[in-house]
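Novice: Structure in structure tokens, see below.
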Amino acid sequence: MAEPFLLKKGRIKEVVLETEDVKRFLISVDGFGEFKPGQFNMLYVYSQGEVPISISSLRSDLIEHTVRLVGDVTEDLFNLKEGDILGLRGPFGSHFPVEKFKGFDVILVAGGLGLADIKPVAEYILHNRDYYGRAYLLVGSKNPDSLIYKGEFEKWKEKMDILVTVDKPDENWKGHTGLVTRLFDLIEIDPQRSVAMMCGPEVMMISASEILIEKGFSADRIFISMERHMKCAVGTCGHCQLGPYFVCKDGPVFPYSEVRYLLKVKEL
Amino acid sequence: MSLVKLTGEEELIRLIKLLSDRGYRLIGPVLQDDVILYKEVGKDYRFPKGLREVQGKGYYRVFTNGKGYFNYVHGFYSPKHFLHPPVETLLKVEPSLNQDATVESKSYALLGIRACDIKALSILDDVFVNKNRHPDEHYKRKRESIFIVGVNCVYTGDTCFCGTMGTGPFIEEGYDISITEIEEGFLIRAGSERGKEIVEQLMGEEAGEKHLKKEKDLIEKAREKTKLDLDTNDLHKKLLSKLESPLWDDIEKRCLACGSCTMVCPTCFCYEVRDEITLDGTSSTRIRSWDVCFREGFSAIHGIPIRSSIKARYRQWLMHKFSYWVYQFGTYGCVGCGRCITWCPVGIDIREEVRKLAS
């Protein structure tokens with residue numbers, strides 16, 4: 001058998017239009033193995049190819065993916081409807097080590113669609129709320145219309161502090177504006193007993209990590225989820241390399257302490 | 001398994017016949033288009049005689065007036081061409097997502113490959129199988145049935161540096177049979193049970209002390225020639241601190257980003273995957289083909305390249321071989337075969353570049 005390239009068959013059970021260019025797919029897959037927050041699948045559309053997409057919920061009855069329309073394959077994914085089938089390989093990659101940090105305060109930081117990666121972490125904490133100290137979810141979005149999971153926020157708010165900021169507010173926006181890192185000033189951070197997990201644009205994660213380090217955070221208690229070009233997900237196509245790492249198998253989630261020196265080098 | 005026989009040239013012919021009789025598809029060095037290439041050959045194949053090779057920076061010539069059988073090293077093909085071929089079908093998919101997942105199994109006997117290339121195979125084994133949680137069946141299936149007839153290099157090219165990388169010129173492991181050409185004939189050595197079974201059937205006397213001493217002297221001479229003034233101890237760590245060295249700017253002025261070095265490298269494994277659909281749309285084939293880290297789009301996310309400058313792409317290639325690889329797989333990714341120096345159109349010499357960076 002042609003492992004590791006064989007595709008599992010998935011059937012789309014539900015499609016949720018999150019924003020004009022983001023959809024959430026709930027997919028039924030037979031025999032999909034265990035997975036953890038931050039891991040990803042390769043999604044295949046017949047004859048179009050594969051794309052790496054993170055698993056955006058901890059639920060295991062249906063596998064959830066949140067997809068933004070950005071390229072050829074995602075365009076075809078976007079056109080799929082309830083009842084359609086797609087191919088799937090996974091789960092792949094490292095995960096956010098949320099279970100290791102019971103007893104800690106948790107700061108989750110998400111920029112744009114990075115929230116899809118952070119959502120399963122938030123779900124884990126909510127399921128195990130008593131084991132954690134303070135829990136914050138800081139969300140940055142381009143504008144109010146590009147915010148995803150608005151429905152979820154309402155439910156989560158009871159157990160977790162959620163702060164949302166947008167770059168470009170509209171006339172109805174009453175919340176925070178500006179960079180997500182500005183939200184750090186609005187929360188109580190105890191660097192000695194906190195862990196941070198983030199996903200979003202690389203520049204956002206770097207600057208957020210550096211700010212936390214300035215506040216006294218240890219770099220090995222900051223976890224970031226990286227994005228690189230991926231074709232195989234098993235460390236053999238070579239595209240996703242970041243210095244000594246294959247982002248697909250050593251990542252996508254890294255302790256910031258491991259990649260900090262690499263992210264400072266241009267075009268690595 | 002320490003069976004070593006001294007034989008004559010007619011036994012090389014018998015060796016080929018024995019392998020052919022066992023159903024192996026033979027791959028051997030052939031002079032084609034003025035280059036010595038590994039090609040699939042028939043049962044009547046003979047090792048080419050009298051070929052002499054001259055290699056230098058961006059320079060390769062073959063002369064046919066030489067003596068002996070193995071006074072060359074290799075052209076631009078390596079065993080990689082057969083185990084991780086330039087183009088390969090991964091999977092055939094139907095619109096229902098039913099899949100034809102047949103994995104081709106070919107029993108190759110690789111004839112006349114050198115220590116560097118045998119080491120390169122063990123490196124590819126690590127990448128695709130041994131150090132991979134998701135072993136690659138396409139590679140594995142072909143690799144499992146391979147038979148290796150190696151040649152110990154007593155002649156070396158001017159671009160060879162296996163002595164530096166500790167990969168040659170003598171084949172220490174990973175072979176079924178090895179051959180060393182000495183004045184009195186050929187020392188044929190069994191390196192596995194399968195190899196022993198064949199060597200036992202060859203005519204010849206058991207090699208004596210005198211012959212083995214002669215072999216050792218020739219090998220040591222070759223080793224000295226391929227040894228550079230470069231300390232590979234902790235080289236990977238030294239280089240990792242040179243990511244922002246001004247030397248990369250200097251290389252950028254010369255490198256064309258053509259990617260020839262990656263094509264001829266026996267360990268470069270990167271590939272692209274694409275889908276080819278039949279005209280009637282009833283079947284789509286997932287195909288992998290070698291990719292090149294010198295291509296601007298290689299690193300691109302959503303069409304935006306991460307390594308847009310040539311210096312960043314050259315740095316990726318050199319650092320991968322001499323630094324990152326050690327962190328990824330525990331060995332260097334370079335075996336010192338010298339192909340990237342010989343086939344670089346502008347004669348960039350990786351030995352010099354590494355030495356400058358490391359000093």
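Each chain in the structure tokens gets a letter, A, B and so on, in the order shown; residues start at 1 in every chain, and ligands are counted from 1 in the order they appear.
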I'd like the contact shell of Val41 in chain B - 7 Å cut-off, only C-alpha atoms, skipping same-chain residues fewer than 2 positions apart - returned as number ranges by chain.
Specialist: B: 26-28, 39, 43, 45
Novice: Counting only C-alpha atoms, what is within 12 Å of Asp170 in chain A, bar same-chain residues fewer than 6 positions away, as a ChimeraX atom specification?
Specialist: /A:142-146,176-177
Novice: Pick from B:Asn71, B:Asn65, B:Thr89, B:Ser105: nearest to Glu276 in chain B, with only C-alpha atoms counted?
Specialist: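 Of the candidates, the smallest distance to Glu276 in chain B is held by B:Thr89.
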Novice: Contacts of Val234 in chain A at 7 Å or less, counting only C-alpha atoms, minus same-chain residues fewer than 3 places along, as a ChimeraX atom specification?
Specialist: /A:248-249 /B:134
Novice: Put those residues in a file: N, CA, C and O atoms, as a PDB file, in the first residue's frame.
Specialist:
```
ATOM      1  N   CYS A 248       6.495  20.387   9.387  1.00  0.00           N
ATOM      2  CA  CYS A 248       5.389  19.407   9.345  1.00  0.00           C
ATOM      3  C   CYS A 248       5.501  18.337  10.416  1.00  0.00           C
ATOM      4  O   CYS A 248       4.494  17.862  10.909  1.00  0.00           O
ATOM      5  N   LYS A 249       6.717  17.930  10.763  1.00  0.00           N
ATOM      6  CA  LYS A 249       6.811  16.845  11.761  1.00  0.00           C
ATOM      7  C   LYS A 249       7.422  17.264  13.089  1.00  0.00           C
ATOM      8  O   LYS A 249       7.069  16.717  14.128  1.00  0.00           O
TER       9      LYS A 249
ATOM     10  N   HIS B 134       6.602   7.726   9.430  1.00  0.00           N
ATOM     11  CA  HIS B 134       5.681   7.323   8.362  1.00  0.00           C
ATOM     12  C   HIS B 134       6.503   6.787   7.198  1.00  0.00           C
ATOM     13  O   HIS B 134       6.694   7.491   6.199  1.00  0.00           O
TER      14      HIS B 134
END
```
Novice: What does the distance between CA of Ser308 in chain B and CA of Ser323 in chain B come to in Å, to one decimal place?
Specialist: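 Value for the CA of Ser308 in chain B-CA of Ser323 in chain B distance: 21.2 Å.
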Novice: Ranking A:Cys240, A:Leu212, A:Leu80, A:Ala122 by minimum distance to chain B and counting only C-alpha atoms, which one comes first?
Specialist: A:Cys240
Novice: Tell me which protein, DNA and RNA residues are within 9 Å of Glu94 in chain B, counting only C-alpha atoms, leaving out same-chain ones fewer than 6 positions away, and put them as an MDAnalysis selection string.
Specialist: (chainID A and resid 46:47) or (chainID B and resid 100 281:285)
Novice: When distances are computed from only C-alpha atoms, which of B:Val346, B:Ile301, B:Cys334, B:Leu230 shows the smallest separation from chain A?
Specialist: B:Ile301
Novice: Counting only C-alpha atoms, what is within 7 Å of range 260-270 of chain B, bar same-chain residues fewer than 3 positions away, as a ChimeraX atom specification?
Specialist: /A:236-238 /B:76-78,80,117,120,123-124,290-292,333,339-340,343-344
Novice: Could you give me, as a PyMOL selection string, each residue of range 162-275 of chain B that DSSP assigns to strand (DSSP E) when run on this structure's backbone?
Specialist: chain B and resi 177-182+185-190+205-206+271-275
Novice: Find the residues of chain A in contact range of chain B, meaning any atom within 6 Å when counting only C-alpha atoms, and list them as a list in words.
Specialist: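 Result: Met1, Ala2, Glu3, Pro4, Ser47, His229, Cys237, Gly238, His239, Pro244 and Glu267 of chain A.
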Novice: Keeping only N, CA, C and O atoms, take the residues you just selected and write them out as a CSV table (one decimal), in the first residue's frame.
Specialist:
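Result file follows (part_18.csv):
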```csv
chain,number,residue,atom,x,y,z
A,1,MET,N,0.8,-1.2,0.0
A,1,MET,CA,0.0,0.0,0.0
A,1,MET,C,0.9,1.2,0.0
A,1,MET,O,1.9,1.3,0.6
A,2,ALA,N,0.3,2.3,-0.6
A,2,ALA,CA,1.2,3.4,-0.9
A,2,ALA,C,1.3,4.4,0.3
A,2,ALA,O,1.2,5.6,0.1
A,3,GLU,N,1.5,3.9,1.5
A,3,GLU,CA,1.7,4.8,2.6
A,3,GLU,C,3.0,5.6,2.4
A,3,GLU,O,3.9,5.1,1.9
A,4,PRO,N,3.0,6.8,2.9
A,4,PRO,CA,2.0,7.5,3.7
A,4,PRO,C,1.1,8.4,2.9
A,4,PRO,O,0.6,9.4,3.4
A,47,SER,N,-8.4,15.5,-7.9
A,47,SER,CA,-7.6,16.1,-9.0
A,47,SER,C,-7.0,17.4,-8.8
A,47,SER,O,-6.3,17.9,-9.7
A,229,HIS,N,5.4,26.0,3.7
A,229,HIS,CA,4.9,25.3,2.6
A,229,HIS,C,5.0,23.8,2.9
A,229,HIS,O,6.1,23.3,3.2
A,237,CYS,N,9.3,15.8,1.7
A,237,CYS,CA,9.3,16.6,0.5
A,237,CYS,C,10.2,17.8,0.6
A,237,CYS,O,10.6,18.4,-0.3
A,238,GLY,N,10.6,18.1,1.9
A,238,GLY,CA,11.6,19.1,2.1
A,238,GLY,C,11.1,20.6,2.1
A,238,GLY,O,11.9,21.5,2.5
A,239,HIS,N,9.9,20.9,1.7
A,239,HIS,CA,9.5,22.3,1.5
A,239,HIS,C,9.4,23.1,2.8
A,239,HIS,O,9.6,24.3,2.8
A,244,PRO,N,17.0,23.7,11.2
A,244,PRO,CA,17.1,22.2,11.4
A,244,PRO,C,15.8,21.5,11.5
A,244,PRO,O,15.8,20.3,11.7
A,267,GLU,N,14.7,35.5,5.7
A,267,GLU,CA,14.6,34.5,4.6
A,267,GLU,C,15.1,33.1,4.9
A,267,GLU,O,15.7,32.5,4.0
```
Novice: Give me the residues near range 181-188 of chain A as a list in words, where near means some atom within 10 Å (using only C-alpha atoms) and where sequence neighbours in that chain fewer than 5 positions away do not count.
Specialist: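 Near range 181-188 of chain A, the qualifying residues are Asp105, Ile107, Val109, Gly111, Arg134, Tyr136, Leu137, Leu138, Val139, Gly140, Asp161, Leu163, Val164, Thr165, His176, Met204, Met205, Ser207, Ala208, Ser209, Ile211, Leu212 and Lys215 of chain A.
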Novice: Save out the residues we just selected, N, CA and C atoms, as a PDB file, in the first residue's frame.
Specialist:
```pdb
ATOM      1  N   ASP A 105      -1.830  29.635  34.676  1.00  0.00           N
ATOM      2  CA  ASP A 105      -2.679  30.585  33.951  1.00  0.00           C
ATOM      3  C   ASP A 105      -2.374  30.385  32.469  1.00  0.00           C
ATOM      4  N   ILE A 107      -2.603  31.985  28.562  1.00  0.00           N
ATOM      5  CA  ILE A 107      -2.868  33.125  27.686  1.00  0.00           C
ATOM      6  C   ILE A 107      -2.864  32.615  26.251  1.00  0.00           C
ATOM      7  N   VAL A 109      -3.328  33.466  22.294  1.00  0.00           N
ATOM      8  CA  VAL A 109      -3.286  34.630  21.412  1.00  0.00           C
ATOM      9  C   VAL A 109      -3.541  34.151  19.984  1.00  0.00           C
ATOM     10  N   GLY A 111      -4.316  35.420  15.888  1.00  0.00           N
ATOM     11  CA  GLY A 111      -4.434  36.483  14.895  1.00  0.00           C
ATOM     12  C   GLY A 111      -5.113  35.927  13.666  1.00  0.00           C
ATOM     13  N   ARG A 134      -6.173  31.485  35.749  1.00  0.00           N
ATOM     14  CA  ARG A 134      -6.832  32.441  34.864  1.00  0.00           C
ATOM     15  C   ARG A 134      -6.665  31.985  33.416  1.00  0.00           C
ATOM     16  N   TYR A 136      -7.123  33.406  29.435  1.00  0.00           N
ATOM     17  CA  TYR A 136      -7.426  34.526  28.545  1.00  0.00           C
ATOM     18  C   TYR A 136      -7.361  34.073  27.094  1.00  0.00           C
ATOM     19  N   LEU A 137      -8.271  34.586  26.310  1.00  0.00           N
ATOM     20  CA  LEU A 137      -8.176  34.406  24.867  1.00  0.00           C
ATOM     21  C   LEU A 137      -8.133  35.796  24.237  1.00  0.00           C
ATOM     22  N   LEU A 138      -6.983  36.115  23.619  1.00  0.00           N
ATOM     23  CA  LEU A 138      -6.819  37.416  22.990  1.00  0.00           C
ATOM     24  C   LEU A 138      -6.898  37.221  21.476  1.00  0.00           C
ATOM     25  N   VAL A 139      -7.809  37.932  20.863  1.00  0.00           N
ATOM     26  CA  VAL A 139      -8.054  37.718  19.443  1.00  0.00           C
ATOM     27  C   VAL A 139      -7.847  39.010  18.676  1.00  0.00           C
ATOM     28  N   GLY A 140      -7.058  38.901  17.601  1.00  0.00           N
ATOM     29  CA  GLY A 140      -6.888  40.049  16.715  1.00  0.00           C
ATOM     30  C   GLY A 140      -7.501  39.735  15.367  1.00  0.00           C
ATOM     31  N   ASP A 161     -11.772  34.735  29.881  1.00  0.00           N
ATOM     32  CA  ASP A 161     -11.805  36.141  29.473  1.00  0.00           C
ATOM     33  C   ASP A 161     -11.432  36.256  28.004  1.00  0.00           C
ATOM     34  N   LEU A 163     -10.832  38.785  24.886  1.00  0.00           N
ATOM     35  CA  LEU A 163     -10.637  40.174  24.460  1.00  0.00           C
ATOM     36  C   LEU A 163     -10.395  40.179  22.964  1.00  0.00           C
ATOM     37  N   VAL A 164     -11.161  41.007  22.287  1.00  0.00           N
ATOM     38  CA  VAL A 164     -11.053  41.043  20.828  1.00  0.00           C
ATOM     39  C   VAL A 164     -10.666  42.441  20.384  1.00  0.00           C
ATOM     40  N   THR A 165      -9.720  42.497  19.440  1.00  0.00           N
ATOM     41  CA  THR A 165      -9.359  43.801  18.892  1.00  0.00           C
ATOM     42  C   THR A 165      -9.392  43.716  17.370  1.00  0.00           C
ATOM     43  N   HIS A 176     -12.055  46.863  21.312  1.00  0.00           N
ATOM     44  CA  HIS A 176     -10.690  47.365  21.196  1.00  0.00           C
ATOM     45  C   HIS A 176     -10.267  47.491  19.742  1.00  0.00           C
ATOM     46  N   MET A 204       3.332  38.763  14.051  1.00  0.00           N
ATOM     47  CA  MET A 204       2.518  38.947  15.256  1.00  0.00           C
ATOM     48  C   MET A 204       3.027  38.048  16.378  1.00  0.00           C
ATOM     49  N   MET A 205       3.313  36.775  16.031  1.00  0.00           N
ATOM     50  CA  MET A 205       3.752  35.828  17.072  1.00  0.00           C
ATOM     51  C   MET A 205       5.116  36.223  17.630  1.00  0.00           C
ATOM     52  N   SER A 207       6.408  39.310  17.741  1.00  0.00           N
ATOM     53  CA  SER A 207       6.356  40.491  18.599  1.00  0.00           C
ATOM     54  C   SER A 207       5.613  40.178  19.891  1.00  0.00           C
ATOM     55  N   ALA A 208       4.577  39.355  19.822  1.00  0.00           N
ATOM     56  CA  ALA A 208       3.863  38.984  21.053  1.00  0.00           C
ATOM     57  C   ALA A 208       4.805  38.215  21.995  1.00  0.00           C
ATOM     58  N   SER A 209       5.592  37.295  21.428  1.00  0.00           N
ATOM     59  CA  SER A 209       6.505  36.511  22.266  1.00  0.00           C
ATOM     60  C   SER A 209       7.545  37.404  22.923  1.00  0.00           C
ATOM     61  N   ILE A 211       7.344  40.552  23.610  1.00  0.00           N
ATOM     62  CA  ILE A 211       6.729  41.384  24.662  1.00  0.00           C
ATOM     63  C   ILE A 211       6.560  40.566  25.946  1.00  0.00           C
ATOM     64  N   LEU A 212       6.098  39.320  25.775  1.00  0.00           N
ATOM     65  CA  LEU A 212       5.924  38.463  26.957  1.00  0.00           C
ATOM     66  C   LEU A 212       7.257  38.200  27.648  1.00  0.00           C
ATOM     67  N   LYS A 215       8.173  40.966  29.699  1.00  0.00           N
ATOM     68  CA  LYS A 215       7.373  40.997  30.929  1.00  0.00           C
ATOM     69  C   LYS A 215       7.823  39.936  31.929  1.00  0.00           C
TER      70      LYS A 215
END
```
Novice: Which is closest to Leu86 in chain A among A:Gly235, A:Gly49, A:Gly71, A:Pro201, if we use only C-alpha atoms?
Specialist: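 Closest residue, counting only C-alpha atoms: A:Gly49.
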Novice: Using only C-alpha atoms, which protein or nucleic acid residues come within 10 Å of Arg68 in chain A? Drop anything in the same chain fewer than 6 positions from it, and give the result as a list in words.
Specialist: Glu18, Thr19, Glu20, Asp21, Val22, Lys23, Arg24, Ile53, Thr74, Glu75, Leu77, Phe78 and Leu113 of chain A
Novice: Those residues with N, CA, C and O atoms, as an mmCIF file, in the first residue's frame please?
Specialist:
```
data_model
loop_
_atom_site.group_PDB
_atom_site.id
_atom_site.type_symbol
_atom_site.label_atom_id
_atom_site.label_comp_id
_atom_site.auth_asym_id
_atom_site.auth_seq_id
_atom_site.Cartn_x
_atom_site.Cartn_y
_atom_site.Cartn_z
ATOM 1 N N GLU A 18 -18.497 31.169 7.834
ATOM 2 C CA GLU A 18 -18.075 32.007 8.965
ATOM 3 C C GLU A 18 -17.977 33.465 8.553
ATOM 4 O O GLU A 18 -18.440 34.346 9.262
ATOM 5 N N THR A 19 -17.313 33.710 7.434
ATOM 6 C CA THR A 19 -17.223 35.061 6.874
ATOM 7 C C THR A 19 -17.317 34.872 5.368
ATOM 8 O O THR A 19 -17.468 33.751 4.890
ATOM 9 N N GLU A 20 -17.156 35.952 4.618
ATOM 10 C CA GLU A 20 -17.322 35.778 3.161
ATOM 11 C C GLU A 20 -16.244 34.882 2.550
ATOM 12 O O GLU A 20 -16.475 34.262 1.525
ATOM 13 N N ASP A 21 -15.065 34.773 3.186
ATOM 14 C CA ASP A 21 -14.051 33.889 2.611
ATOM 15 C C ASP A 21 -13.569 32.799 3.585
ATOM 16 O O ASP A 21 -12.504 32.222 3.399
ATOM 17 N N VAL A 22 -14.329 32.553 4.621
ATOM 18 C CA VAL A 22 -13.960 31.473 5.553
ATOM 19 C C VAL A 22 -15.159 30.554 5.799
ATOM 20 O O VAL A 22 -16.251 31.028 6.103
ATOM 21 N N LYS A 23 -14.924 29.257 5.615
ATOM 22 C CA LYS A 23 -15.982 28.280 5.872
ATOM 23 C C LYS A 23 -15.492 27.238 6.858
ATOM 24 O O LYS A 23 -14.313 26.888 6.868
ATOM 25 N N ARG A 24 -16.443 26.733 7.640
ATOM 26 C CA ARG A 24 -16.130 25.659 8.571
ATOM 27 C C ARG A 24 -16.792 24.380 8.050
ATOM 28 O O ARG A 24 -17.970 24.374 7.735
ATOM 29 N N ILE A 53 -4.314 21.731 6.613
ATOM 30 C CA ILE A 53 -5.269 22.563 7.344
ATOM 31 C C ILE A 53 -5.364 22.033 8.774
ATOM 32 O O ILE A 53 -5.534 20.835 8.986
ATOM 33 N N THR A 74 -7.798 25.464 -2.019
ATOM 34 C CA THR A 74 -8.825 25.940 -1.081
ATOM 35 C C THR A 74 -10.048 26.470 -1.848
ATOM 36 O O THR A 74 -11.164 26.389 -1.354
ATOM 37 N N GLU A 75 -9.813 26.961 -3.057
ATOM 38 C CA GLU A 75 -10.951 27.420 -3.862
ATOM 39 C C GLU A 75 -11.875 26.236 -4.152
ATOM 40 O O GLU A 75 -13.105 26.345 -4.073
ATOM 41 N N LEU A 77 -11.962 23.444 -2.386
ATOM 42 C CA LEU A 77 -12.522 23.030 -1.097
ATOM 43 C C LEU A 77 -13.760 23.872 -0.784
ATOM 44 O O LEU A 77 -14.779 23.374 -0.331
ATOM 45 N N PHE A 78 -13.612 25.141 -1.047
ATOM 46 C CA PHE A 78 -14.657 26.101 -0.731
ATOM 47 C C PHE A 78 -15.962 25.789 -1.457
ATOM 48 O O PHE A 78 -17.041 26.087 -0.981
ATOM 49 N N LEU A 113 -7.036 33.954 11.008
ATOM 50 C CA LEU A 113 -7.468 32.562 10.950
ATOM 51 C C LEU A 113 -6.688 31.671 11.919
ATOM 52 O O LEU A 113 -7.031 30.510 12.125
#
```
Novice: In Å to one decimal, how far is CA of Asp44 in chain B from CA of Arg14 in chain B?
Specialist: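 About the pair CA of Arg14 in chain B and CA of Asp44 in chain B: they are 10.2 Å apart.
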Novice: Counting only C-alpha atoms, which of A:Cys232, A:Leu26, A:Cys199, A:Ile63 gets nearest to Val121 in chain A?
Specialist: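 Of A:Cys232, A:Leu26, A:Cys199, A:Ile63, the one nearest Val121 in chain A, counting only C-alpha atoms, is A:Cys199.
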Novice: In Å, with one decimal, what is the gap from CA of Glu154 in chain A to CA of Phe104 in chain A?
Specialist: 23.7 Å
